[in-house]
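K.L.:
Sharing a structure here in structure tokens format.
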Amino acid sequence: MSKSIKTNNMILVILFSFANFVIPVTILNSAVADEKAVELIKEVKLEALSQDLAKVGRAVFVAKCSACHKREERYVGPALKDVTKRRKPEWIMNMILHPAEMIQTDETAIELFGTYLVPMTFQNVSQDEARQILEFFRYADEKGEADITPPQKVDPDKKKADGGKKKTGDAKKKK
Ligand code: HEC
């Protein structure tokens, strides 16, 4: 009698540990499946160049990409000049929005990763921002950057000249 209780307990223990194993594995698999479900962009419809869009794209690029990319020379990542001549617009958008997916599945991206050895990371850009950056690349590759680069805000000479009288308004603002 007591032997059969022991056996029953044993079976329960085995079932319990099995469940503990199976449940996390199931959760893990579904997480991996979700990651795989990334949908790459298949088609980008290009219209006439937009200088406005390119300007916004340039600002996003400076904020989110310039830590690793320059246009003219290799940096952490490739020089991006003429990237619109060597890659399709969809490919560029996908590289910006899903770099991890791309360097695992796309032949060209895998090759680049083999050369640069650093994985490009997702910079939290929205699809709209990626499109703006693409427009910046298109514009710069076709017409150069001059007329989408904002004028330098601080003119060093002027700054020096104004230096003395700068603080006038500040006294009133203080509590
Ligand atoms: C952490 C550094 C890093 C950041 C930040 C980064 N990249 Fe990259 N990028 C790389 C590297 C490295 C590669 C080469 C592929 C690889 O190794 O993953 C690359 C490849 C690319 C390519 C393909 C270039 C080619 O010659 O085909 C494009 C386009 C690109 N990046 C655009 C961007 C844009 C746009 C941003 C900002 C949203 C950005 N990258 C942010 C490192 C970075």
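Residues are referred to by chain and number: the chain letter is A, B, ... according to the order shown in the structure tokens, the number counts from 1 in that chain, and ligands are numbered separately from 1 in the order shown.
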Counting only C-alpha atoms, what is within 12 Å of Asn94 of chain A, bar same-chain residues fewer than 3 positions away, as a PDB file with N, CA and C atoms, in the first residue's frame?
P.N.:
ATOM      1  N   VAL A  38       8.715  39.541 -37.813  1.00  0.00           N
ATOM      2  CA  VAL A  38       9.034  40.870 -38.353  1.00  0.00           C
ATOM      3  C   VAL A  38       8.698  40.909 -39.842  1.00  0.00           C
ATOM      4  N   GLU A  39       7.932  41.913 -40.218  1.00  0.00           N
ATOM      5  CA  GLU A  39       7.577  42.003 -41.631  1.00  0.00           C
ATOM      6  C   GLU A  39       8.434  43.016 -42.348  1.00  0.00           C
ATOM      7  N   LEU A  40       9.254  42.515 -43.224  1.00  0.00           N
ATOM      8  CA  LEU A  40      10.109  43.422 -43.974  1.00  0.00           C
ATOM      9  C   LEU A  40       9.276  44.162 -45.024  1.00  0.00           C
ATOM     10  N   ILE A  41       9.690  45.381 -45.289  1.00  0.00           N
ATOM     11  CA  ILE A  41       8.979  46.195 -46.278  1.00  0.00           C
ATOM     12  C   ILE A  41       9.292  45.668 -47.678  1.00  0.00           C
ATOM     13  N   LYS A  42       8.242  45.475 -48.470  1.00  0.00           N
ATOM     14  CA  LYS A  42       8.461  44.867 -49.787  1.00  0.00           C
ATOM     15  C   LYS A  42       8.545  45.890 -50.903  1.00  0.00           C
ATOM     16  N   GLU A  43       7.873  47.021 -50.693  1.00  0.00           N
ATOM     17  CA  GLU A  43       7.880  48.003 -51.771  1.00  0.00           C
ATOM     18  C   GLU A  43       7.799  49.420 -51.228  1.00  0.00           C
ATOM     19  N   VAL A  44       8.657  50.274 -51.722  1.00  0.00           N
ATOM     20  CA  VAL A  44       8.598  51.694 -51.372  1.00  0.00           C
ATOM     21  C   VAL A  44       8.344  52.457 -52.664  1.00  0.00           C
ATOM     22  N   ARG A  87      21.904  50.354 -53.385  1.00  0.00           N
ATOM     23  CA  ARG A  87      20.833  49.557 -52.754  1.00  0.00           C
ATOM     24  C   ARG A  87      19.458  50.058 -53.172  1.00  0.00           C
ATOM     25  N   LYS A  88      18.501  49.134 -53.093  1.00  0.00           N
ATOM     26  CA  LYS A  88      17.116  49.508 -53.389  1.00  0.00           C
ATOM     27  C   LYS A  88      16.505  50.243 -52.192  1.00  0.00           C
ATOM     28  N   PRO A  89      15.515  51.107 -52.463  1.00  0.00           N
ATOM     29  CA  PRO A  89      14.879  51.845 -51.366  1.00  0.00           C
ATOM     30  C   PRO A  89      14.309  50.927 -50.278  1.00  0.00           C
ATOM     31  N   GLU A  90      13.687  49.816 -50.676  1.00  0.00           N
ATOM     32  CA  GLU A  90      13.114  48.889 -49.682  1.00  0.00           C
ATOM     33  C   GLU A  90      14.231  48.344 -48.785  1.00  0.00           C
ATOM     34  N   TRP A  91      15.348  48.020 -49.423  1.00  0.00           N
ATOM     35  CA  TRP A  91      16.468  47.430 -48.676  1.00  0.00           C
ATOM     36  C   TRP A  91      16.963  48.432 -47.633  1.00  0.00           C
ATOM     37  N   LEU A  97      15.034  49.877 -40.257  1.00  0.00           N
ATOM     38  CA  LEU A  97      13.969  49.476 -39.330  1.00  0.00           C
ATOM     39  C   LEU A  97      14.200  48.109 -38.691  1.00  0.00           C
ATOM     40  N   HIS A  98      14.882  47.217 -39.405  1.00  0.00           N
ATOM     41  CA  HIS A  98      15.066  45.846 -38.881  1.00  0.00           C
ATOM     42  C   HIS A  98      16.497  45.351 -39.083  1.00  0.00           C
ATOM     43  N   PRO A  99      17.480  46.073 -38.551  1.00  0.00           N
ATOM     44  CA  PRO A  99      18.869  45.666 -38.831  1.00  0.00           C
ATOM     45  C   PRO A  99      19.188  44.255 -38.334  1.00  0.00           C
ATOM     46  N   ALA A 100      18.640  43.875 -37.167  1.00  0.00           N
ATOM     47  CA  ALA A 100      18.973  42.554 -36.616  1.00  0.00           C
ATOM     48  C   ALA A 100      18.476  41.450 -37.554  1.00  0.00           C
ATOM     49  N   GLU A 101      17.254  41.627 -38.029  1.00  0.00           N
ATOM     50  CA  GLU A 101      16.671  40.667 -38.964  1.00  0.00           C
ATOM     51  C   GLU A 101      17.500  40.608 -40.254  1.00  0.00           C
ATOM     52  N   MET A 102      17.897  41.783 -40.738  1.00  0.00           N
ATOM     53  CA  MET A 102      18.614  41.850 -42.008  1.00  0.00           C
ATOM     54  C   MET A 102      19.969  41.143 -41.929  1.00  0.00           C
ATOM     55  N   ILE A 103      20.713  41.375 -40.841  1.00  0.00           N
ATOM     56  CA  ILE A 103      22.046  40.759 -40.823  1.00  0.00           C
ATOM     57  C   ILE A 103      21.978  39.257 -40.515  1.00  0.00           C
ATOM     58  N   THR A 105      19.348  37.457 -42.242  1.00  0.00           N
ATOM     59  CA  THR A 105      18.653  36.802 -43.358  1.00  0.00           C
ATOM     60  C   THR A 105      19.009  37.349 -44.740  1.00  0.00           C
ATOM     61  N   ASP A 106      19.506  38.568 -44.808  1.00  0.00           N
ATOM     62  CA  ASP A 106      19.750  39.168 -46.120  1.00  0.00           C
ATOM     63  C   ASP A 106      21.219  39.017 -46.529  1.00  0.00           C
ATOM     64  N   ALA A 109      23.410  42.164 -46.372  1.00  0.00           N
ATOM     65  CA  ALA A 109      23.614  42.639 -44.996  1.00  0.00           C
ATOM     66  C   ALA A 109      24.548  41.694 -44.239  1.00  0.00           C
ATOM     67  N   MET A 120      24.769  46.531 -36.737  1.00  0.00           N
ATOM     68  CA  MET A 120      24.011  47.771 -36.677  1.00  0.00           C
ATOM     69  C   MET A 120      22.812  47.554 -35.764  1.00  0.00           C
ATOM     70  N   PHE A 122      19.069  48.849 -33.996  1.00  0.00           N
ATOM     71  CA  PHE A 122      17.851  49.609 -34.260  1.00  0.00           C
ATOM     72  C   PHE A 122      17.863  50.884 -33.418  1.00  0.00           C
ATOM     73  N   VAL A 125      13.665  54.281 -34.613  1.00  0.00           N
ATOM     74  CA  VAL A 125      13.087  55.192 -35.598  1.00  0.00           C
ATOM     75  C   VAL A 125      11.738  54.646 -36.064  1.00  0.00           C
ATOM     76  N   SER A 126      10.807  55.533 -36.297  1.00  0.00           N
ATOM     77  CA  SER A 126       9.502  55.125 -36.823  1.00  0.00           C
ATOM     78  C   SER A 126       9.640  54.899 -38.331  1.00  0.00           C
ATOM     79  N   GLN A 127       8.600  54.309 -38.891  1.00  0.00           N
ATOM     80  CA  GLN A 127       8.641  54.088 -40.342  1.00  0.00           C
ATOM     81  C   GLN A 127       8.701  55.428 -41.085  1.00  0.00           C
ATOM     82  N   ALA A 130      12.224  56.658 -40.983  1.00  0.00           N
ATOM     83  CA  ALA A 130      13.068  55.900 -41.912  1.00  0.00           C
ATOM     84  C   ALA A 130      12.874  56.421 -43.334  1.00  0.00           C
ATOM     85  N   ARG A 131      11.629  56.736 -43.659  1.00  0.00           N
ATOM     86  CA  ARG A 131      11.341  57.270 -44.996  1.00  0.00           C
ATOM     87  C   ARG A 131      12.005  58.642 -45.191  1.00  0.00           C
ATOM     88  N   LEU A 134      15.613  58.090 -45.790  1.00  0.00           N
ATOM     89  CA  LEU A 134      15.794  57.640 -47.175  1.00  0.00           C
ATOM     90  C   LEU A 134      15.755  58.830 -48.133  1.00  0.00           C
TER      91      LEU A 134
END
K.L.:
Set out as CSV a contact list for segment 120-142 of chain A and segment 63-79 of chain A with a cut-off of 10 Å, giving each residue of segment 120-142 of chain A that qualifies its closest atom pair and distance in Å to one decimal, counting only C-alpha atoms, ordered by chain and rising residue number.
P.N.:
residue,atom,partner,partner_atom,distance
A:Met120,CA,A:Gly77,CA,7.6
A:Thr121,CA,A:Cys65,CA,9.8
A:Phe122,CA,A:Lys64,CA,9.6
A:Gln123,CA,A:Lys64,CA,6.3
A:Asn124,CA,A:Lys64,CA,8.5
A:Val125,CA,A:Lys64,CA,8.2
A:Ile133,CA,A:Cys65,CA,9.8
A:Phe137,CA,A:Arg71,CA,9.3
A:Ala140,CA,A:Arg71,CA,9.4
A:Asp141,CA,A:Arg71,CA,9.9
K.L.:
With C-alpha atoms retained, write the just-selected residues as a JSON list (two decimals), in the first residue's frame.
P.N.:
[["chain", "number", "residue", "atom", "x", "y", "z"],
["A", 120, "MET", "CA", 24.01, 47.77, -36.68],
["A", 121, "THR", "CA", 21.42, 48.40, -33.97],
["A", 122, "PHE", "CA", 17.85, 49.61, -34.26],
["A", 123, "GLN", "CA", 17.72, 53.30, -33.36],
["A", 124, "ASN", "CA", 14.08, 53.48, -32.39],
["A", 125, "VAL", "CA", 13.09, 55.19, -35.60],
["A", 133, "ILE", "CA", 16.17, 59.44, -43.85],
["A", 137, "PHE", "CA", 20.04, 59.89, -48.84],
["A", 140, "ALA", "CA", 22.17, 64.11, -51.04],
["A", 141, "ASP", "CA", 23.14, 61.48, -53.63]]
K.L.:
Please indicate the distance in Å from atom 19 (C, counted along the ligand's line) of ligand 1 to atom CA of Asp128 of chain A, rounded to one decimal place.
P.N.:
19.4 Å
K.L.:
Determine the nearest neighbour of ligand 1 from the options A:Arg86, A:Leu49, A:Pro119, A:Arg58, counting only C-alpha atoms and all ligand atoms.
P.N.:
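Between A:Arg86, A:Leu49, A:Pro119, A:Arg58, the residue approaching ligand 1 most closely is A:Pro119.
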K.L.:
Atom CA of Glu111 of chain A and atom CA of Lys143 of chain A are how many Å apart?
P.N.:
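Atom CA of Lys143 of chain A lies 29.1 Å from atom CA of Glu111 of chain A.
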K.L.:
Choose the residue, out of A:Glu129, A:Glu107, A:Asp82, A:Glu47, that has the smallest atom-to-atom separation from Phe61 of chain A; count only C-alpha atoms.
P.N.:
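Among A:Glu129, A:Glu107, A:Asp82, A:Glu47, it is A:Glu129 that comes nearest to Phe61 of chain A.
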K.L.:
Between atom CA of Lys153 of chain A and atom 1 (C, counted along the ligand's line) of ligand 1, what is the distance in Å, rounded to a tenth?
P.N.:
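According to the coordinates, atom CA of Lys153 of chain A and atom 1 (C, counted along the ligand's line) of ligand 1 are separated by 27.9 Å.
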K.L.:
Restricting the calculation to only C-alpha atoms and all ligand atoms, which member of A:Ile148, A:Val118, A:Ala54, A:Gln132 is positioned closest to ligand 1?
P.N.:
A:Val118
K.L.:
Nearest residue to ligand 1 out of A:Phe113, A:Leu53, A:Val60, A:Gln104, using only C-alpha atoms and all ligand atoms?
P.N.:
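Smallest distance to ligand 1 is found for A:Phe113.
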K.L.:
I need the residue nearest ligand 1 from this list: A:Val56, A:Lys85, A:Val62, A:Leu112. Use only C-alpha atoms and all ligand atoms for the distance.
P.N.:
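Looking at the shortest contact to ligand 1, the residue is A:Leu112.
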